[in-house]
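Okay, coords_20.cif is below, mmCIF, C-alpha atoms and all ligand atoms:
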```
data_input
#
loop_
_atom_site.label_atom_id
_atom_site.label_comp_id
_atom_site.auth_asym_id
_atom_site.auth_seq_id
_atom_site.Cartn_x
_atom_site.Cartn_y
_atom_site.Cartn_z
CA MET A 949 9.21 -9.13 23.74
CA SER A 950 11.44 -6.96 25.84
CA THR A 951 10.43 -3.45 26.69
CA SER A 952 12.37 -0.90 28.60
CA GLY A 953 10.21 1.14 30.93
CA SER A 954 12.47 4.11 30.44
CA SER A 955 11.95 4.27 26.70
CA GLY A 956 8.87 5.98 25.31
CA ILE A 957 9.65 4.59 21.88
CA ALA A 958 9.81 0.97 23.06
CA ASP A 959 6.54 1.49 24.93
CA GLY A 960 4.94 3.01 21.86
CA LEU A 961 6.04 0.06 19.77
CA SER A 962 4.64 -2.49 22.23
CA ARG A 963 1.33 -0.63 22.46
CA VAL A 964 1.01 -0.57 18.67
CA ARG A 965 1.85 -4.27 18.46
CA GLU A 966 -0.83 -5.03 21.05
CA GLN A 967 -3.40 -2.97 19.15
CA ILE A 968 -2.53 -4.78 15.92
CA ALA A 969 -2.98 -8.14 17.64
CA ALA A 970 -6.30 -7.02 19.12
CA ALA A 971 -7.61 -5.77 15.76
CA CYS A 972 -6.57 -9.06 14.15
CA ALA A 973 -8.38 -11.01 16.88
CA ARG A 974 -11.53 -8.90 16.46
CA SER A 975 -11.59 -9.50 12.72
CA GLY A 976 -10.62 -13.17 12.80
CA ARG A 977 -7.33 -12.54 11.01
CA ALA A 978 -3.98 -14.18 11.64
CA PRO A 979 -1.63 -11.67 13.32
CA GLU A 980 1.07 -12.39 10.75
CA SER A 981 -1.29 -11.27 7.95
CA VAL A 982 -0.63 -7.65 8.95
CA ARG A 983 2.80 -6.05 8.75
CA LEU A 984 3.75 -2.96 10.69
CA ILE A 985 5.75 -0.28 8.89
CA ALA A 986 7.37 2.02 11.45
CA VAL A 987 7.27 5.49 9.87
CA CYS A 988 10.40 7.26 11.03
CA LYS A 989 10.45 10.43 8.95
CA THR A 990 11.97 13.35 10.89
CA PHE A 991 13.38 10.97 13.52
CA GLY A 992 17.11 10.34 13.71
CA ALA A 993 19.10 7.13 13.53
CA ASP A 994 19.18 6.78 17.33
CA ALA A 995 15.39 6.58 17.51
CA VAL A 996 15.32 4.14 14.59
CA ARG A 997 17.90 1.92 16.29
CA GLN A 998 15.71 1.60 19.38
CA VAL A 999 12.95 0.18 17.20
CA LEU A 1000 15.31 -2.07 15.23
CA ASP A 1001 16.63 -3.40 18.53
CA HIS A 1002 13.10 -4.55 19.36
CA GLY A 1003 12.92 -6.66 16.23
CA GLN A 1004 11.00 -4.24 13.98
CA LEU A 1005 12.24 -4.65 10.39
CA ALA A 1006 9.99 -2.59 8.09
CA PHE A 1007 10.39 1.19 8.08
CA GLY A 1008 8.77 4.00 6.13
CA GLU A 1009 10.40 7.21 4.96
CA ASN A 1010 8.81 10.12 3.09
CA TYR A 1011 11.84 11.87 1.68
CA VAL A 1012 14.57 10.33 -0.46
CA GLN A 1013 17.13 12.86 0.77
CA GLU A 1014 16.43 12.16 4.43
CA ALA A 1015 16.51 8.39 3.90
CA LYS A 1016 19.82 8.66 2.07
CA GLY A 1017 21.36 10.35 5.06
CA LYS A 1018 20.06 7.84 7.58
CA TRP A 1019 19.82 4.41 6.05
CA PRO A 1020 23.06 3.26 4.43
CA GLU A 1021 24.63 2.94 7.88
CA LEU A 1022 21.52 1.48 9.54
CA LYS A 1023 21.21 -1.09 6.76
CA ALA A 1024 24.84 -2.04 7.09
CA ASP A 1025 24.16 -2.90 10.74
CA HIS A 1026 20.74 -4.45 10.09
CA PRO A 1027 20.83 -6.09 6.65
CA ARG A 1028 17.31 -7.49 7.04
CA ALA A 1029 15.74 -4.06 7.50
CA GLU A 1030 13.22 -3.30 4.79
CA LEU A 1031 12.77 0.27 3.63
CA HIS A 1032 9.49 1.61 2.19
CA LEU A 1033 9.17 4.95 0.41
CA ILE A 1034 5.76 6.33 1.35
CA GLY A 1035 6.11 9.99 0.32
CA PRO A 1036 5.68 11.63 -3.09
CA LEU A 1037 8.50 10.85 -5.50
CA GLN A 1038 9.80 13.21 -8.17
CA SER A 1039 10.84 11.47 -11.36
CA ASN A 1040 14.33 12.96 -11.12
CA LYS A 1041 14.80 11.08 -7.83
CA ALA A 1042 13.82 7.71 -9.35
CA ARG A 1043 17.44 6.59 -9.59
CA GLU A 1044 18.13 7.15 -5.90
CA ALA A 1045 14.77 5.68 -4.88
CA VAL A 1046 15.34 2.44 -6.81
CA ALA A 1047 18.83 2.15 -5.36
CA LEU A 1048 17.78 2.68 -1.74
CA PHE A 1049 14.23 1.39 -1.21
CA ASP A 1050 12.89 -2.16 -1.08
CA VAL A 1051 9.31 -1.06 -1.65
CA ILE A 1052 8.06 2.11 -3.36
CA GLN A 1053 4.49 2.88 -2.28
CA SER A 1054 3.96 6.21 -4.04
CA LEU A 1055 3.76 5.17 -7.70
CA ASP A 1056 1.04 7.48 -8.99
CA ARG A 1057 1.60 8.66 -12.56
CA PRO A 1058 2.73 7.47 -15.99
CA SER A 1059 5.89 9.60 -16.10
CA LEU A 1060 7.04 8.14 -12.78
CA ALA A 1061 6.24 4.58 -13.92
CA LYS A 1062 8.46 5.17 -16.91
CA ALA A 1063 11.32 6.66 -14.90
CA LEU A 1064 11.18 3.82 -12.35
CA ALA A 1065 11.09 1.18 -15.07
CA ARG A 1066 14.18 2.67 -16.68
CA GLN A 1067 16.03 2.63 -13.35
CA CYS A 1068 14.97 -0.93 -12.49
CA GLU A 1069 16.36 -2.01 -15.81
CA SER A 1070 19.65 -0.14 -15.58
CA GLN A 1071 20.30 -1.03 -11.92
CA GLY A 1072 19.11 -4.63 -12.20
CA ARG A 1073 16.90 -4.08 -9.15
CA ARG A 1074 13.22 -4.86 -8.81
CA PRO A 1075 11.72 -3.14 -5.77
CA ALA A 1076 8.08 -3.99 -5.10
CA MET A 1077 5.74 -1.14 -6.03
CA PHE A 1078 2.41 -0.05 -4.63
CA VAL A 1079 0.17 2.24 -6.63
CA GLN A 1080 -1.03 5.17 -4.52
CA VAL A 1081 -4.73 5.84 -5.04
CA ASN A 1082 -6.26 9.24 -4.26
CA ILE A 1083 -9.15 7.40 -2.69
CA GLY A 1084 -11.10 10.50 -1.63
CA SER A 1085 -10.56 12.20 -5.01
CA GLU A 1086 -9.09 15.22 -3.24
CA PRO A 1087 -7.77 17.86 -5.65
CA GLN A 1088 -4.62 18.64 -3.65
CA LYS A 1089 -3.63 15.07 -2.89
CA ALA A 1090 -1.19 12.73 -4.63
CA GLY A 1091 -2.42 9.48 -6.10
CA VAL A 1092 -4.18 8.05 -9.13
CA ALA A 1093 -7.92 8.76 -9.36
CA PRO A 1094 -9.91 5.67 -8.33
CA GLU A 1095 -11.55 5.46 -11.75
CA ASP A 1096 -8.18 5.56 -13.51
CA THR A 1097 -6.50 2.94 -11.34
CA ASP A 1098 -7.34 -0.19 -13.37
CA ALA A 1099 -5.88 1.26 -16.56
CA PHE A 1100 -2.85 2.66 -14.76
CA LEU A 1101 -2.12 -0.73 -13.19
CA ASP A 1102 -2.35 -2.41 -16.59
CA SER A 1103 0.19 -0.01 -18.05
CA CYS A 1104 2.55 -0.32 -15.05
CA ARG A 1105 2.58 -4.07 -15.42
CA ASP A 1106 2.21 -4.64 -19.14
CA VAL A 1107 3.98 -1.63 -20.64
CA HIS A 1108 6.61 -0.97 -17.99
CA GLY A 1109 7.05 -4.43 -16.46
CA LEU A 1110 6.97 -3.06 -12.93
CA ASN A 1111 6.62 -5.40 -9.95
CA VAL A 1112 3.32 -3.97 -8.65
CA THR A 1113 2.10 -5.90 -5.62
CA GLY A 1114 -0.44 -3.67 -3.93
CA LEU A 1115 -2.26 -0.39 -3.42
CA MET A 1116 -1.73 2.42 -0.92
CA CYS A 1117 -4.05 5.21 0.21
CA ILE A 1118 -4.40 8.07 2.66
CA PRO A 1119 -8.11 8.71 3.26
CA PRO A 1120 -9.35 12.31 3.53
CA ALA A 1121 -8.84 13.90 6.95
CA GLY A 1122 -12.01 14.50 8.91
CA GLU A 1123 -14.07 11.74 7.30
CA PRO A 1124 -14.70 8.23 8.53
CA PRO A 1125 -11.94 6.22 6.81
CA GLU A 1126 -13.79 2.88 6.64
CA PRO A 1127 -15.65 3.41 3.34
CA HIS A 1128 -12.36 4.49 1.77
CA PHE A 1129 -10.57 1.40 3.09
CA ASP A 1130 -13.33 -0.79 1.63
CA HIS A 1131 -13.11 1.03 -1.69
CA LEU A 1132 -9.34 0.49 -1.90
CA ALA A 1133 -9.80 -3.21 -1.06
CA LYS A 1134 -12.35 -3.54 -3.85
CA ILE A 1135 -10.05 -1.95 -6.45
CA ALA A 1136 -7.21 -4.24 -5.35
CA ALA A 1137 -9.36 -7.38 -5.49
CA ARG A 1138 -10.62 -6.75 -9.00
CA ASN A 1139 -7.04 -6.24 -10.16
CA GLY A 1140 -5.71 -9.39 -8.49
CA LEU A 1141 -3.59 -7.48 -5.96
CA THR A 1142 -3.24 -8.89 -2.44
CA GLU A 1143 -1.38 -6.12 -0.59
CA LEU A 1144 -3.19 -3.14 0.93
CA SER A 1145 -1.18 -0.38 2.62
CA MET A 1146 -3.68 1.61 4.66
CA GLY A 1147 -4.02 2.85 8.21
CA MET A 1148 -1.88 5.35 10.15
CA SER A 1149 -1.62 6.18 13.87
CA GLY A 1150 -5.17 7.50 14.02
CA ASP A 1151 -6.94 4.67 12.24
CA PHE A 1152 -4.80 1.55 11.87
CA PRO A 1153 -7.06 -0.75 13.93
CA ALA A 1154 -9.98 0.14 11.63
CA ALA A 1155 -7.78 -0.38 8.57
CA ILE A 1156 -6.91 -3.88 9.80
CA GLU A 1157 -10.59 -4.69 10.28
CA HIS A 1158 -11.09 -3.61 6.67
CA GLY A 1159 -8.31 -5.71 5.19
CA ALA A 1160 -5.01 -3.82 5.51
CA THR A 1161 -1.95 -6.02 5.04
CA TYR A 1162 0.45 -3.15 5.83
CA VAL A 1163 -0.17 -0.38 8.34
CA ARG A 1164 2.05 2.71 8.35
CA VAL A 1165 2.42 3.98 11.91
CA GLY A 1166 4.63 6.91 12.92
CA SER A 1167 3.64 9.10 15.84
CA ALA A 1168 2.04 6.28 17.88
CA ILE A 1169 5.53 4.74 18.02
CA PHE A 1170 7.98 7.64 17.87
CA GLY A 1171 5.90 10.44 19.39
CA ASN A 1172 4.86 13.70 17.76
CA ARG A 1173 6.93 15.05 14.91
CA SER A 1174 8.31 18.56 15.20
CA TYR A 1175 7.28 19.35 11.63
CA PRO A 1176 4.23 18.02 9.85
CA ALA A 1177 3.97 15.21 7.36
CA ALA A 1178 4.13 16.07 3.70
CA GLN A 1179 1.21 14.71 1.76
C1 LIG B 1201 3.66 10.34 8.00
C2 LIG B 1201 2.90 9.28 7.30
C3 LIG B 1201 2.41 8.17 7.99
C4 LIG B 1201 2.48 8.02 9.50
O1 LIG B 1201 1.63 8.96 10.10
P1 LIG B 1201 1.28 8.90 11.67
O2 LIG B 1201 -0.01 9.61 11.77
O3 LIG B 1201 2.40 9.58 12.37
O4 LIG B 1201 1.17 7.47 12.03
C5 LIG B 1201 1.80 7.18 7.25
N1 LIG B 1201 1.68 7.26 5.91
C6 LIG B 1201 2.13 8.32 5.22
C7 LIG B 1201 1.97 8.35 3.75
C8 LIG B 1201 2.74 9.37 5.89
O5 LIG B 1201 3.17 10.43 5.19
#
```
Before anything else, please render the file you have as structure tokens.
Ligand SMILES: *Cc1c(COP(=O)(O)O)cnc(C)c1O
Amino acid sequence: MSTSGSSGIADGLSRVREQIAAACARSGRAPESVRLIAVCKTFGADAVRQVLDHGQLAFGENYVQEAKGKWPELKADHPRAELHLIGPLQSNKAREAVALFDVIQSLDRPSLAKALARQCESQGRRPAMFVQVNIGSEPQKAGVAPEDTDAFLDSCRDVHGLNVTGLMCIPPAGEPPEPHFDHLAKIAARNGLTELSMGMSGDFPAAIEHGATYVRVGSAIFGNRSYPAAQ
């Protein structure tokens, strides 16, 4: 892997890759069982290109509008880049989201399932979907309640025919995340889902030790954002 000493972003990416490898080694997992999603919200195309140039292919964006401005050109230059929507999605943006994203990780309510299904049908596209679970049952946070997740998954798959492959969560701030990671893994296992999107800059090594197959890492690669993440 090439790194340029002058680039903070390239250094951040190599450090994160090393930490992923170390967490895999500690937990007896194959390094290729964990995929890094570089979360580039608020960062411009130049920053994204530095990461693409180091062979990173999966990227996460929170806002449809922002991704629309950045990605058509980046994807034209890097056709293998894979774009994940990790922020809340309004149903009236379902059309743009299905057109632009390869994976939608914020599926969290029946009305959105319906809107996405309609768009998949009319566009002939089938992005992979993750159901977002509000794993800490926080009133202000997006996501399906843990106790409602089994039924919601059934309806996404059976009623709407969506290509649901995994679960995503953001554990409550200020609590140890491990019990929440284990809880998400348990819900996924009993529903026959193999993909677990959990772990951010502050806790991705722990998430890997608790079964994450995707980690979503922003600031540890790109540096601090000048405005905060939307939840
Ligand atoms: C912003 C964001 C991330 C990345 O957060 P960092 O702490 O910068 O790694 C991951 N997941 C979601 C859902 C986010 O909104």
Notebook entry, point to check: Between A:Val1163, A:Val996, A:Val987, A:Ala1136, which one has atoms that come closest to Leu1033 of chain A, using all atoms listed in the file?
Noted result: A:Val987
Item checked: Selection as a PyMOL selection string: residues within 9 Å of ligand LIG 1201 (chain B) by all atoms listed in the file -> chain A and resi 985-989+1008-1010+1033-1036+1053-1054+1116-1118+1145-1152+1163-1173+1176-1179
Print the selection's residues with C-alpha atoms to a file, as an mmCIF file, in the coordinates of the input.
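The resulting part18.cif:
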```
data_model
loop_
_atom_site.group_PDB
_atom_site.id
_atom_site.type_symbol
_atom_site.label_atom_id
_atom_site.label_comp_id
_atom_site.auth_asym_id
_atom_site.auth_seq_id
_atom_site.Cartn_x
_atom_site.Cartn_y
_atom_site.Cartn_z
ATOM 1 C CA ILE A 985 5.750 -0.280 8.890
ATOM 2 C CA ALA A 986 7.370 2.020 11.450
ATOM 3 C CA VAL A 987 7.270 5.490 9.870
ATOM 4 C CA CYS A 988 10.400 7.260 11.030
ATOM 5 C CA LYS A 989 10.450 10.430 8.950
ATOM 6 C CA GLY A 1008 8.770 4.000 6.130
ATOM 7 C CA GLU A 1009 10.400 7.210 4.960
ATOM 8 C CA ASN A 1010 8.810 10.120 3.090
ATOM 9 C CA LEU A 1033 9.170 4.950 0.410
ATOM 10 C CA ILE A 1034 5.760 6.330 1.350
ATOM 11 C CA GLY A 1035 6.110 9.990 0.320
ATOM 12 C CA PRO A 1036 5.680 11.630 -3.090
ATOM 13 C CA GLN A 1053 4.490 2.880 -2.280
ATOM 14 C CA SER A 1054 3.960 6.210 -4.040
ATOM 15 C CA MET A 1116 -1.730 2.420 -0.920
ATOM 16 C CA CYS A 1117 -4.050 5.210 0.210
ATOM 17 C CA ILE A 1118 -4.400 8.070 2.660
ATOM 18 C CA SER A 1145 -1.180 -0.380 2.620
ATOM 19 C CA MET A 1146 -3.680 1.610 4.660
ATOM 20 C CA GLY A 1147 -4.020 2.850 8.210
ATOM 21 C CA MET A 1148 -1.880 5.350 10.150
ATOM 22 C CA SER A 1149 -1.620 6.180 13.870
ATOM 23 C CA GLY A 1150 -5.170 7.500 14.020
ATOM 24 C CA ASP A 1151 -6.940 4.670 12.240
ATOM 25 C CA PHE A 1152 -4.800 1.550 11.870
ATOM 26 C CA VAL A 1163 -0.170 -0.380 8.340
ATOM 27 C CA ARG A 1164 2.050 2.710 8.350
ATOM 28 C CA VAL A 1165 2.420 3.980 11.910
ATOM 29 C CA GLY A 1166 4.630 6.910 12.920
ATOM 30 C CA SER A 1167 3.640 9.100 15.840
ATOM 31 C CA ALA A 1168 2.040 6.280 17.880
ATOM 32 C CA ILE A 1169 5.530 4.740 18.020
ATOM 33 C CA PHE A 1170 7.980 7.640 17.870
ATOM 34 C CA GLY A 1171 5.900 10.440 19.390
ATOM 35 C CA ASN A 1172 4.860 13.700 17.760
ATOM 36 C CA ARG A 1173 6.930 15.050 14.910
ATOM 37 C CA PRO A 1176 4.230 18.020 9.850
ATOM 38 C CA ALA A 1177 3.970 15.210 7.360
ATOM 39 C CA ALA A 1178 4.130 16.070 3.700
ATOM 40 C CA GLN A 1179 1.210 14.710 1.760
#
```
Item checked: For atom CA of Ile1052 of chain A and atom CA of Ala1090 of chain A, the interatomic separation in Å (one decimal) -> 14.1 Å
Notebook entry, point to check: Can you list, as a PyMOL selection string, every protein, DNA or RNA residue that comes within 10 Å of Ala1006 of chain A when you count only C-alpha atoms, leaving out same-chain residues fewer than 2 positions away?
Noted result: chain A and resi 983-987+999-1000+1003-1004+1008+1028-1032+1050-1051+1162+1164
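For the residues A:Ala1133, A:Val964, A:Ala973, A:Ala1063, ranking by smallest atom-to-atom distance to Leu1110 of chain A using all atoms listed in the file places A:Ala1063 first.
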Notebook entry, point to check: In Å, how far is it from atom CA of Val982 of chain A to atom CA of Glu966 of chain A?
Noted result: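 Computing the Euclidean distance for atom CA of Val982 of chain A and atom CA of Glu966 of chain A yields 12.4 Å.
The gap separating atom CA of Val1081 of chain A from atom CA of Lys1016 of chain A is 25.7 Å, in Å to one decimal.
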Item checked: Minimum-distance residue to Gln1013 of chain A, chosen among A:Ala995, A:Leu1048, A:Ala969, A:Ala1099 (using all atoms listed in the file) ->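 So, comparing all the options, the nearest one is A:Leu1048.
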Next item on the list: Excluding Arg1057 of chain A and any residue of its chain fewer than 5 positions from it, enumerate the residues within 12 Å of it, using all atoms listed in the file, and give them as JSON, numbers by chain.
Entry: {"A": [1036, 1037, 1038, 1039, 1062, 1063, 1064, 1078, 1079, 1080, 1081, 1082, 1090, 1091, 1092, 1093, 1096, 1097, 1099, 1100, 1101, 1103, 1104]}
Margin query: Considering only C-alpha atoms, can you say which of A:Ala1065, A:Leu1060, A:Ala1076, A:Leu1144 comes closest to Asp1106 of chain A?
Written below: A:Ala1065
